[in-house]
>>> print(open('protein-v2.cif').read())   # mmCIF, C-alpha atoms
data_upload
#
loop_
_atom_site.label_atom_id
_atom_site.label_comp_id
_atom_site.auth_asym_id
_atom_site.auth_seq_id
_atom_site.Cartn_x
_atom_site.Cartn_y
_atom_site.Cartn_z
CA MET A 1 12.08 -21.82 30.46
CA ASP A 2 11.88 -18.69 28.31
CA ASN A 3 14.71 -18.24 25.87
CA THR A 4 16.30 -14.89 25.18
CA ILE A 5 18.15 -16.22 22.14
CA GLU A 6 17.14 -19.10 19.89
CA ILE A 7 19.56 -20.01 17.13
CA THR A 8 18.63 -22.68 14.62
CA GLY A 9 20.69 -24.14 11.79
CA LEU A 10 22.87 -21.08 11.51
CA ARG A 11 25.28 -20.99 8.59
CA LYS A 12 27.83 -18.52 7.33
CA GLU A 13 30.32 -19.24 4.61
CA TYR A 14 33.70 -17.59 4.25
CA LYS A 15 36.63 -18.50 2.09
CA GLY A 16 38.36 -21.21 4.06
CA PHE A 17 35.92 -21.20 6.97
CA THR A 18 32.29 -22.19 7.30
CA LEU A 19 30.11 -21.87 10.34
CA ASP A 20 27.58 -24.60 9.83
CA ASP A 21 24.42 -25.97 11.38
CA VAL A 22 24.80 -24.18 14.70
CA THR A 23 21.76 -24.61 16.94
CA PHE A 24 21.47 -23.57 20.58
CA THR A 25 19.37 -21.49 22.93
CA VAL A 26 20.24 -19.03 25.68
CA PRO A 27 17.66 -19.16 28.48
CA ARG A 28 16.50 -15.92 30.03
CA GLY A 29 18.02 -15.01 33.38
CA TYR A 30 21.29 -16.83 32.94
CA ILE A 31 24.87 -16.35 31.85
CA MET A 32 25.94 -18.33 28.82
CA GLY A 33 29.57 -18.65 27.87
CA LEU A 34 30.51 -19.19 24.25
CA ILE A 35 33.78 -21.01 24.22
CA GLY A 36 36.21 -22.35 21.65
CA PRO A 37 39.76 -21.85 20.41
CA ASN A 38 40.64 -18.86 18.24
CA GLY A 39 39.02 -19.18 14.85
CA ALA A 40 36.31 -21.56 16.04
CA GLY A 41 33.47 -19.28 14.98
CA LYS A 42 32.61 -17.46 18.24
CA THR A 43 32.87 -13.97 16.80
CA THR A 44 30.99 -15.03 13.68
CA ILE A 45 28.08 -16.18 15.84
CA VAL A 46 28.07 -12.93 17.82
CA LYS A 47 28.17 -10.85 14.64
CA LEU A 48 25.31 -12.87 13.16
CA ILE A 49 23.22 -12.22 16.25
CA MET A 50 23.93 -8.49 15.86
CA ASN A 51 23.32 -8.72 12.11
CA LEU A 52 26.70 -7.18 11.40
CA ILE A 53 27.24 -9.80 8.73
CA ARG A 54 24.72 -11.60 6.52
CA ARG A 55 23.77 -15.12 7.40
CA ASP A 56 23.63 -17.69 4.63
CA ALA A 57 21.05 -19.89 6.28
CA GLY A 58 19.26 -20.54 9.53
CA GLU A 59 17.33 -18.47 11.99
CA VAL A 60 18.19 -16.18 14.89
CA ARG A 61 15.44 -15.14 17.27
CA VAL A 62 16.13 -12.66 20.06
CA PHE A 63 13.44 -11.89 22.67
CA GLY A 64 11.19 -14.10 20.53
CA MET A 65 11.65 -11.91 17.42
CA ASP A 66 13.52 -12.53 14.20
CA ASN A 67 16.69 -10.49 14.44
CA LEU A 68 16.49 -9.28 10.83
CA ARG A 69 12.82 -8.44 10.57
CA HIS A 70 12.77 -6.73 13.96
CA GLU A 71 16.29 -5.40 13.97
CA PRO A 72 15.63 -1.99 15.60
CA GLU A 73 13.47 -3.40 18.43
CA VAL A 74 15.93 -6.18 19.06
CA LYS A 75 19.02 -3.99 19.06
CA ALA A 76 17.46 -1.40 21.35
CA ARG A 77 17.43 -4.06 24.07
CA ILE A 78 20.93 -5.43 23.51
CA GLY A 79 24.05 -4.06 25.15
CA PHE A 80 26.84 -4.98 22.79
CA VAL A 81 30.38 -5.03 24.11
CA TYR A 82 33.13 -6.21 21.83
CA ASP A 83 36.83 -6.53 21.96
CA ALA A 84 37.74 -3.48 19.94
CA PRO A 85 35.04 -0.92 20.59
CA ARG A 86 34.98 1.79 17.97
CA PHE A 87 33.91 5.26 18.88
CA PRO A 88 35.00 8.62 17.45
CA GLU A 89 38.62 8.78 18.57
CA ASP A 90 38.90 12.47 19.41
CA LEU A 91 35.73 12.89 21.39
CA ARG A 92 35.33 13.02 25.13
CA LEU A 93 33.47 10.17 26.80
CA GLU A 94 30.64 12.48 27.88
CA THR A 95 30.19 13.71 24.30
CA ILE A 96 30.11 10.17 22.91
CA ALA A 97 27.64 9.14 25.59
CA SER A 98 25.27 12.01 24.97
CA ALA A 99 25.25 11.21 21.25
CA ILE A 100 24.57 7.54 21.94
CA SER A 101 21.92 8.21 24.58
CA ALA A 102 19.63 9.67 21.91
CA PHE A 103 19.24 6.21 20.42
CA TYR A 104 18.04 4.59 23.58
CA GLU A 105 14.69 5.21 25.16
CA LYS A 106 15.78 3.76 28.46
CA TRP A 107 19.03 5.69 28.80
CA ASP A 108 19.82 6.48 32.43
CA GLY A 109 22.32 9.32 32.62
CA ARG A 110 22.79 9.10 36.35
CA ARG A 111 23.49 5.43 36.20
CA PHE A 112 26.00 6.05 33.44
CA ARG A 113 27.88 8.65 35.52
CA ASN A 114 27.92 6.30 38.50
CA LEU A 115 29.30 3.50 36.37
CA LEU A 116 32.06 5.72 35.01
CA GLU A 117 32.98 6.63 38.54
CA GLU A 118 32.94 3.00 39.60
CA PHE A 119 35.15 2.10 36.64
CA GLN A 120 37.42 5.04 37.45
CA LEU A 121 36.86 6.77 34.15
CA SER A 122 36.46 10.49 33.81
CA PRO A 123 33.71 11.84 31.50
CA ARG A 124 36.24 14.39 30.26
CA GLN A 125 38.73 11.80 29.03
CA VAL A 126 39.23 11.50 25.29
CA PHE A 127 38.41 8.10 23.84
CA LYS A 128 41.66 7.50 21.97
CA LYS A 129 43.69 8.01 25.12
CA LEU A 130 41.99 5.11 26.91
CA SER A 131 43.78 1.81 27.37
CA HIS A 132 42.22 -1.35 26.01
CA GLY A 133 40.75 -2.24 29.40
CA MET A 134 39.34 1.26 29.86
CA LYS A 135 37.68 1.13 26.44
CA MET A 136 36.08 -2.13 27.45
CA LYS A 137 34.84 -0.58 30.68
CA PHE A 138 33.44 2.40 28.80
CA SER A 139 31.52 0.21 26.41
CA LEU A 140 30.22 -1.88 29.28
CA ALA A 141 29.07 1.28 31.07
CA ILE A 142 27.12 2.26 27.97
CA ALA A 143 25.53 -1.17 27.72
CA LEU A 144 24.47 -1.10 31.36
CA ALA A 145 23.28 2.52 31.24
CA HIS A 146 20.61 1.81 28.65
CA ASP A 147 19.26 -1.00 30.79
CA ALA A 148 19.79 -3.67 28.14
CA ASP A 149 17.94 -6.96 28.61
CA LEU A 150 20.69 -8.87 26.85
CA ILE A 151 24.36 -8.16 27.35
CA LEU A 152 26.22 -9.58 24.39
CA MET A 153 30.00 -9.54 24.66
CA ASP A 154 32.70 -10.74 22.35
CA GLU A 155 35.90 -11.63 24.19
CA PRO A 156 35.31 -9.01 26.88
CA THR A 157 38.04 -10.34 29.14
CA ALA A 158 40.78 -10.68 26.52
CA GLY A 159 43.71 -8.44 27.35
CA LEU A 160 42.36 -7.43 30.76
CA ASP A 161 44.23 -7.90 33.99
CA PRO A 162 42.91 -10.49 36.46
CA VAL A 163 41.60 -7.89 38.89
CA PHE A 164 39.41 -6.18 36.35
CA ARG A 165 38.35 -9.53 34.89
CA PHE A 166 37.18 -10.54 38.32
CA ASP A 167 35.29 -7.24 38.72
CA LEU A 168 33.65 -7.67 35.38
CA LEU A 169 32.51 -11.19 36.16
CA THR A 170 31.14 -10.08 39.51
CA LYS A 171 29.25 -7.34 37.71
CA LEU A 172 27.66 -9.89 35.40
CA ARG A 173 26.56 -12.01 38.35
CA ALA A 174 25.06 -8.92 39.95
CA LEU A 175 23.28 -8.07 36.73
CA ILE A 176 21.39 -11.36 36.58
CA GLN A 177 20.05 -10.80 40.08
CA ASP A 178 17.33 -9.42 37.88
CA GLU A 179 16.05 -12.59 36.27
CA ARG A 180 14.85 -10.75 33.18
CA LYS A 181 18.44 -10.07 32.19
CA THR A 182 20.58 -12.42 30.14
CA VAL A 183 24.26 -12.49 29.33
CA LEU A 184 26.01 -14.17 26.43
CA PHE A 185 29.75 -13.76 26.25
CA SER A 186 32.41 -15.40 24.18
CA SER A 187 35.80 -16.14 25.59
CA HIS A 188 38.75 -18.38 25.14
CA ILE A 189 39.66 -17.85 28.78
CA THR A 190 38.00 -20.92 30.20
CA SER A 191 38.61 -20.08 33.85
CA ASP A 192 36.40 -16.99 33.49
CA LEU A 193 33.58 -19.13 32.21
CA GLU A 194 34.15 -21.74 34.84
CA ARG A 195 33.79 -19.06 37.46
CA VAL A 196 30.69 -17.36 36.20
CA ALA A 197 28.75 -19.17 33.46
CA ASP A 198 25.54 -21.07 34.05
CA PHE A 199 25.59 -22.59 30.58
CA VAL A 200 28.41 -23.28 28.16
CA THR A 201 28.26 -23.54 24.40
CA PHE A 202 31.36 -24.95 22.79
CA VAL A 203 32.15 -24.43 19.11
CA HIS A 204 35.06 -25.82 17.19
CA LYS A 205 35.91 -25.41 13.51
CA GLY A 206 32.57 -23.78 12.81
CA ARG A 207 30.56 -26.59 14.39
CA LEU A 208 28.74 -26.90 17.67
CA VAL A 209 30.35 -29.44 20.00
CA PHE A 210 27.89 -29.05 22.85
CA SER A 211 25.61 -26.58 24.56
CA ALA A 212 24.74 -27.54 28.13
CA ALA A 213 24.60 -26.53 31.77
CA LYS A 214 28.17 -25.97 32.94
CA ASP A 215 27.68 -28.06 36.08
CA ASP A 216 26.43 -31.01 34.06
CA ILE A 217 29.51 -30.84 31.86
CA LEU A 218 31.91 -30.55 34.76
CA GLU A 219 30.23 -33.41 36.61
CA THR A 220 30.15 -35.85 33.71
CA TRP A 221 33.18 -35.18 31.52
CA GLY A 222 36.57 -36.48 32.51
CA VAL A 223 40.01 -37.52 31.40
CA VAL A 224 41.24 -41.08 31.60
CA ARG A 225 45.01 -41.33 31.90
CA VAL A 226 47.10 -44.44 31.43
CA SER A 227 50.80 -44.94 31.15
CA GLY A 228 52.08 -46.97 28.21
CA ASP A 229 49.57 -48.51 25.84
CA GLY A 230 47.42 -50.69 28.09
CA ILE A 231 44.18 -49.53 26.51
CA SER A 232 43.12 -47.99 23.24
CA PRO A 233 41.06 -44.78 23.12
CA ALA A 234 38.12 -46.62 21.55
CA GLU A 235 37.80 -48.80 24.64
CA VAL A 236 36.96 -45.80 26.79
CA PRO A 237 33.18 -45.29 27.10
CA GLY A 238 32.05 -41.90 25.81
CA ALA A 239 35.48 -41.11 24.33
CA ARG A 240 35.53 -37.72 22.61
CA GLY A 241 39.20 -37.22 21.91
CA PHE A 242 42.60 -38.44 22.92
CA ARG A 243 46.21 -37.40 23.06
CA ARG A 244 49.15 -39.74 23.07
CA THR A 245 52.60 -38.89 24.25
CA GLU A 246 55.65 -41.10 24.38
CA HIS A 247 54.80 -42.51 27.77
CA SER A 248 51.14 -41.94 28.30
CA LEU A 249 47.69 -41.75 26.83
CA GLY A 250 44.98 -39.30 27.85
CA VAL A 251 41.41 -39.84 26.70
CA LEU A 252 38.68 -37.25 27.06
CA THR A 253 35.30 -38.79 27.84
CA SER A 254 31.83 -37.36 28.23
CA ASP A 255 30.99 -40.14 30.69
CA ILE A 256 33.68 -40.41 33.34
CA ALA A 257 31.43 -42.49 35.61
CA ALA A 258 31.14 -45.20 32.96
CA ALA A 259 34.90 -45.08 32.43
CA ARG A 260 35.48 -45.51 36.17
CA GLY A 261 33.06 -48.42 36.21
CA ARG A 262 34.84 -50.06 33.33
CA PHE A 263 38.46 -49.66 34.41
CA GLY A 264 38.19 -49.24 38.17
CA ALA A 265 41.44 -48.30 39.84
CA SER A 266 43.63 -49.56 37.00
CA VAL A 267 43.64 -46.12 35.37
CA VAL A 268 43.55 -42.54 36.58
CA CYS A 269 40.17 -40.87 36.09
CA ASP A 270 40.17 -37.10 36.56
CA MET A 271 37.29 -34.71 36.20
CA ALA A 272 37.75 -32.53 33.13
CA SER A 273 37.99 -28.77 33.29
CA LEU A 274 36.69 -26.68 30.41
CA GLU A 275 40.31 -26.15 29.51
CA ASP A 276 40.90 -29.90 29.30
CA ILE A 277 37.87 -30.24 27.06
CA MET A 278 38.98 -27.43 24.78
CA PHE A 279 42.51 -28.76 24.67
CA PHE A 280 41.62 -32.36 23.84
CA ILE A 281 39.05 -31.45 21.23
CA SER A 282 41.15 -28.84 19.49
CA LYS A 283 44.68 -30.14 19.94
CA GLY A 284 44.26 -33.86 20.44
CA ASN A 285 42.78 -36.37 18.09
CA ALA A 286 39.09 -35.66 18.02
CA HIS A 287 38.29 -38.85 16.14
CA VAL A 288 38.45 -41.89 18.32
CA MET B 1 23.35 -19.02 56.85
CA LYS B 2 26.98 -20.02 56.62
CA ILE B 3 28.16 -21.91 53.59
CA ILE B 4 31.55 -22.67 52.18
CA VAL B 5 32.02 -24.42 48.88
CA THR B 6 35.21 -25.97 47.70
CA ASN B 7 36.35 -27.03 44.29
CA SER B 8 38.75 -29.56 45.69
CA SER B 9 35.97 -31.80 46.98
CA PRO B 10 34.79 -34.61 44.73
CA ASP B 11 31.20 -33.85 45.80
CA PRO B 12 29.20 -31.72 43.40
CA ILE B 13 28.78 -28.15 44.62
CA TYR B 14 24.97 -28.35 44.83
CA GLU B 15 25.40 -31.27 47.22
CA GLN B 16 27.86 -29.33 49.36
CA VAL B 17 25.37 -26.48 49.62
CA ALA B 18 22.38 -28.72 50.36
CA ARG B 19 24.31 -30.67 52.99
CA GLN B 20 25.41 -27.56 54.86
CA VAL B 21 21.93 -26.03 54.87
CA LYS B 22 20.52 -29.33 56.09
CA ALA B 23 23.05 -29.52 58.90
CA GLN B 24 22.16 -26.00 60.02
CA ILE B 25 18.46 -26.82 60.04
CA ILE B 26 18.99 -30.00 62.01
CA SER B 27 21.25 -28.28 64.51
CA GLY B 28 18.67 -25.53 64.97
CA GLU B 29 20.98 -22.79 63.72
CA LEU B 30 18.38 -22.11 61.07
CA ARG B 31 14.97 -21.95 62.69
CA GLU B 32 11.58 -22.94 61.43
CA GLY B 33 10.07 -20.30 59.19
CA GLU B 34 13.36 -18.45 58.79
CA SER B 35 13.80 -17.13 55.27
CA LEU B 36 16.72 -18.24 53.14
CA PRO B 37 18.56 -16.01 50.66
CA SER B 38 17.09 -16.13 47.17
CA ILE B 39 18.58 -18.56 44.66
CA ARG B 40 20.17 -15.71 42.74
CA ARG B 41 21.46 -13.90 45.81
CA LEU B 42 23.09 -17.06 47.15
CA ALA B 43 24.65 -17.81 43.77
CA GLN B 44 26.17 -14.36 43.72
CA ASP B 45 27.43 -14.63 47.29
CA LEU B 46 29.08 -17.97 46.70
CA GLN B 47 30.23 -17.07 43.18
CA ILE B 48 28.58 -20.14 41.74
CA SER B 49 26.04 -20.81 39.04
CA VAL B 50 22.36 -20.02 39.60
CA ILE B 51 21.65 -23.53 38.37
CA THR B 52 23.71 -24.94 41.22
CA THR B 53 21.88 -23.10 43.99
CA LYS B 54 18.57 -23.87 42.32
CA ARG B 55 19.40 -27.53 42.34
CA ALA B 56 20.46 -27.41 45.99
CA TYR B 57 17.18 -25.76 46.98
CA GLU B 58 15.18 -28.25 44.95
CA GLU B 59 16.95 -31.06 46.76
CA LEU B 60 16.18 -29.50 50.15
CA GLU B 61 12.58 -29.00 49.14
CA LYS B 62 12.21 -32.58 48.01
CA GLU B 63 13.48 -33.80 51.36
CA GLY B 64 11.08 -31.51 53.20
CA PHE B 65 13.66 -29.22 54.78
CA ILE B 66 12.53 -26.05 53.08
CA ASP B 67 9.42 -24.62 51.40
CA THR B 68 9.47 -22.32 48.44
CA VAL B 69 6.62 -19.91 47.94
CA GLU B 70 6.34 -18.42 44.47
CA GLY B 71 7.21 -14.75 44.60
CA LYS B 72 8.13 -14.83 48.29
CA GLY B 73 11.20 -17.01 48.43
CA SER B 74 12.33 -20.03 50.38
CA PHE B 75 11.83 -20.74 54.08
CA VAL B 76 12.91 -23.37 56.55
CA ALA B 77 9.98 -25.78 56.62
CA MET B 78 8.00 -26.47 59.77
CA GLN B 79 9.76 -29.50 61.08
CA ASN B 80 7.82 -32.37 62.46
CA LYS B 81 9.54 -33.04 65.82
CA GLU B 82 9.45 -36.81 65.32
CA LEU B 83 10.82 -36.47 61.85
CA LEU B 84 13.58 -34.18 63.00
CA ARG B 85 14.55 -36.62 65.74
CA GLU B 86 14.54 -39.39 63.19
CA LYS B 87 16.84 -37.38 60.94
CA LYS B 88 19.17 -36.70 63.84
CA MET B 89 19.13 -40.38 64.77
CA LYS B 90 20.09 -41.15 61.24
CA ILE B 91 23.13 -38.92 61.54
CA VAL B 92 24.22 -40.74 64.70
CA GLU B 93 23.62 -44.04 62.95
CA GLU B 94 25.76 -43.00 60.02
CA LYS B 95 28.60 -41.96 62.28
CA MET B 96 28.38 -45.24 64.14
CA ALA B 97 28.43 -47.16 60.89
CA GLU B 98 31.62 -45.31 60.04
CA ALA B 99 33.14 -46.22 63.38
CA VAL B 100 32.16 -49.88 62.96
CA GLU B 101 33.70 -50.03 59.54
CA GLU B 102 36.92 -48.45 60.76
CA ALA B 103 36.98 -50.89 63.69
CA ARG B 104 36.55 -53.86 61.35
CA LEU B 105 39.44 -52.66 59.21
CA LEU B 106 41.63 -52.45 62.29
CA GLY B 107 40.48 -55.83 63.61
CA ILE B 108 38.82 -54.41 66.71
CA THR B 109 36.27 -56.86 68.08
CA ARG B 110 32.66 -56.08 68.84
CA ALA B 111 33.27 -56.53 72.53
CA GLU B 112 36.15 -54.06 72.44
CA LEU B 113 34.07 -51.59 70.51
CA GLU B 114 31.17 -51.90 72.95
CA GLU B 115 33.56 -51.34 75.80
CA MET B 116 34.83 -48.17 74.11
CA LEU B 117 31.29 -46.96 73.61
CA GLY B 118 30.43 -47.69 77.23
CA LEU B 119 33.43 -45.70 78.41
CA LEU B 120 32.64 -42.74 76.14
CA TYR B 121 29.01 -42.72 77.10
CA GLY B 122 29.83 -43.09 80.79
CA GLU B 123 32.36 -40.30 80.79
CA LYS B 124 30.17 -37.70 79.19
CA GLY B 125 26.74 -38.72 80.23
#
>>> encode(input="protein-v2.cif", output="structure tokens")
Amino acid sequence: MDNTIEITGLRKEYKGFTLDDVTFTVPRGYIMGLIGPNGAGKTTIVKLIMNLIRRDAGEVRVFGMDNLRHEPEVKARIGFVYDAPRFPEDLRLETIASAISAFYEKWDGRRFRNLLEEFQLSPRQVFKKLSHGMKMKFSLAIALAHDADLILMDEPTAGLDPVFRFDLLTKLRALIQDERKTVLFSSHITSDLERVADFVTFVHKGRLVFSAAKDDILETWGVVRVSGDGISPAEVPGARGFRRTEHSLGVLTSDIAAARGRFGASVVCDMASLEDIMFFISKGNAHV
Amino acid sequence: MKIIVTNSSPDPIYEQVARQVKAQIISGELREGESLPSIRRLAQDLQISVITTKRAYEELEKEGFIDTVEGKGSFVAMQNKELLREKKMKIVEEKMAEAVEEARLLGITRAELEEMLGLLYGEKG
């Protein structure tokens, strides 16, 4: 499998937060979701891919090229959509677009106008008058109009209503009908990822928790629930985190089949959603 | 091709897809040589991961139900008539096994069960 993005040993130090030793790949032709609670390091990773901040260590390869040494070639093929797109506030969308189009060899003006129409934006609107969702649509239209091979989005669905979120996700699925296209998007809205992602990379506190096919995760991870204190978290095979309340214990496991085999019907074994996984790892006790 | 996937089933989605395609091939709804939607198209239609549909197709290929030709897509495989009959027999067998198990649970004797079968077979056939 060809990889569109290869990240190895990535590190970025801030005061009070360090992204450390992050390694994962994004295969070409698929949608990868980057997931984690706020402050986990998602945006840092996206910014490092775009070289908007300096990395302290590690390597980022995009389309097989180092993203620093080949920055112009790499960026020409990325459509970057982020949560607070910044364009000149007082300009009309058509003016912004024509300025931007000069930077892209593959700019398709007709496609851009069609996208605006589809997104119900008028080329004559002024950027600062757009709502948050409309700004997001505008930046997505730009990304799609220059026929980017990689759509890189930071929290694209945050603050959008469910209808537009659904549209956006459908658009991403349609995009990868062309198997040369790849999507990486970060989100803390796990249901969006569950709906659309092929792969999921989970970061927490600046560290990688896992990077795997979403189906594999959803088929193997689970939550064991018991009332009272019949078992201890360490007894659960593959335990990755637990949460105790007054009357019950929930244990997140990466091997629900083994847990079922061990406890049989004496406990409740549920499949874990991405939300469960995020919740247990970030809010529960991660150390079993 | 008609496929419905559900998240409330304990069966993995790739299995749901493979099972439904298989059933449509066995029933003749999907004919020999008929082309199937591409892996990506089907994933988009069903709003599921490309990996899932890929896995379903691989499963079907392994069991000889479909052929995939690089660059051309996937097709319903030429079915060996004997093999197809065997597969259909297997379905009947599975259903009967289910009935036998249910009967055992309810304490229905073999003689009673055979009588039931005789009646059913007689009525319809």
>>> resolve_selection(input="protein-v2.cif", expression="the PyMOL selection byres ((chain B) within 10 of (chain A))", output="PyMOL selection string")
chain B and resi 10-14+38-45+47-52
>>> atom_distance(input="protein-v2.cif", atom1="CA of Leu208 (chain A)", atom2="CA of Thr25 (chain A)")
12.0 Å
>>> resolve_selection(input="protein-v2.cif", expression="the PyMOL selection byres ((chain B and resi 3) around 9)", output="list of chain:residue names")
B:Met1, B:Lys2, B:Ile4, B:Val5, B:Gln16, B:Val17, B:Gln20, B:Val21, B:Leu46
>>> atom_distance(input="protein-v2.cif", atom1="CA of Ser74 (chain B)", atom2="CA of Asp2 (chain A)")
22.1 Å
>>> closest_residue(input="protein-v2.cif", among="A:Val224, A:Leu130, A:Ile100, A:Leu140", to="Glu118 (chain A)", atoms="all atoms listed in the file")
A:Leu140
>>> resolve_selection(input="protein-v2.cif", expression="the PyMOL selection byres ((chain A and resi 141) around 12)", output="number ranges by chain")
A: 79-81, 93-94, 97, 100-101, 107-121, 123, 134-140, 142-148, 151, 168, 171
>>> atom_distance(input="protein-v2.cif", atom1="CA of Leu160 (chain A)", atom2="CA of Pro85 (chain A)")
14.1 Å
>>> residues_around(input="protein-v2.cif", residues="Gly36 (chain A)", least_positions_apart="3", cutoff="7 Å", atoms="only C-alpha atoms", output="PyMOL selection string")
chain A and resi 40+42+188+202-204+278
>>> closest_residue(input="protein-v2.cif", among="A:Gly250, A:Ser131, A:Thr23, A:Leu34", to="Ile189 (chain A)", atoms="all atoms listed in the file")
A:Leu34
>>> closest_residue(input="protein-v2.cif", among="B:Glu94, B:Glu63, B:Glu34, B:Glu112", to="Phe75 (chain B)", atoms="all atoms listed in the file")
B:Glu34
>>> closest_residue(input="protein-v2.cif", among="A:Lys75, A:Arg262, A:Arg86, A:His247", to="Glu235 (chain A)", atoms="only C-alpha atoms")
A:Arg262
>>> closest_residue(input="protein-v2.cif", among="B:Leu84, B:Leu106, B:Glu101, B:Leu119", to="Gly28 (chain B)", atoms="all atoms listed in the file")
B:Leu84
>>> axis_aligned_box(input="protein-v2.cif", around="region 146-157 of chain A", padding_each_side="6 Å", output="AutoDock Vina command-line options")
--center_x 28.0 --center_y -4.9 --center_z 26.6 --size_x 32.1 --size_y 25.4 --size_z 20.4
>>> residues_around(input="protein-v2.cif", residues="Gly33 (chain B)", least_positions_apart="2", cutoff="12 Å", atoms="all atoms listed in the file", output="PyMOL selection string")
chain B and resi 25+28+30-31+35-36+65-69+73-79
>>> residues_near_point(input="protein-v2.cif", point="(27.5, -23.3, 24.5)", cutoff="7 Å", atoms="only C-alpha atoms", output="PyMOL selection string")
chain A and resi 32-35+199-202+210-212
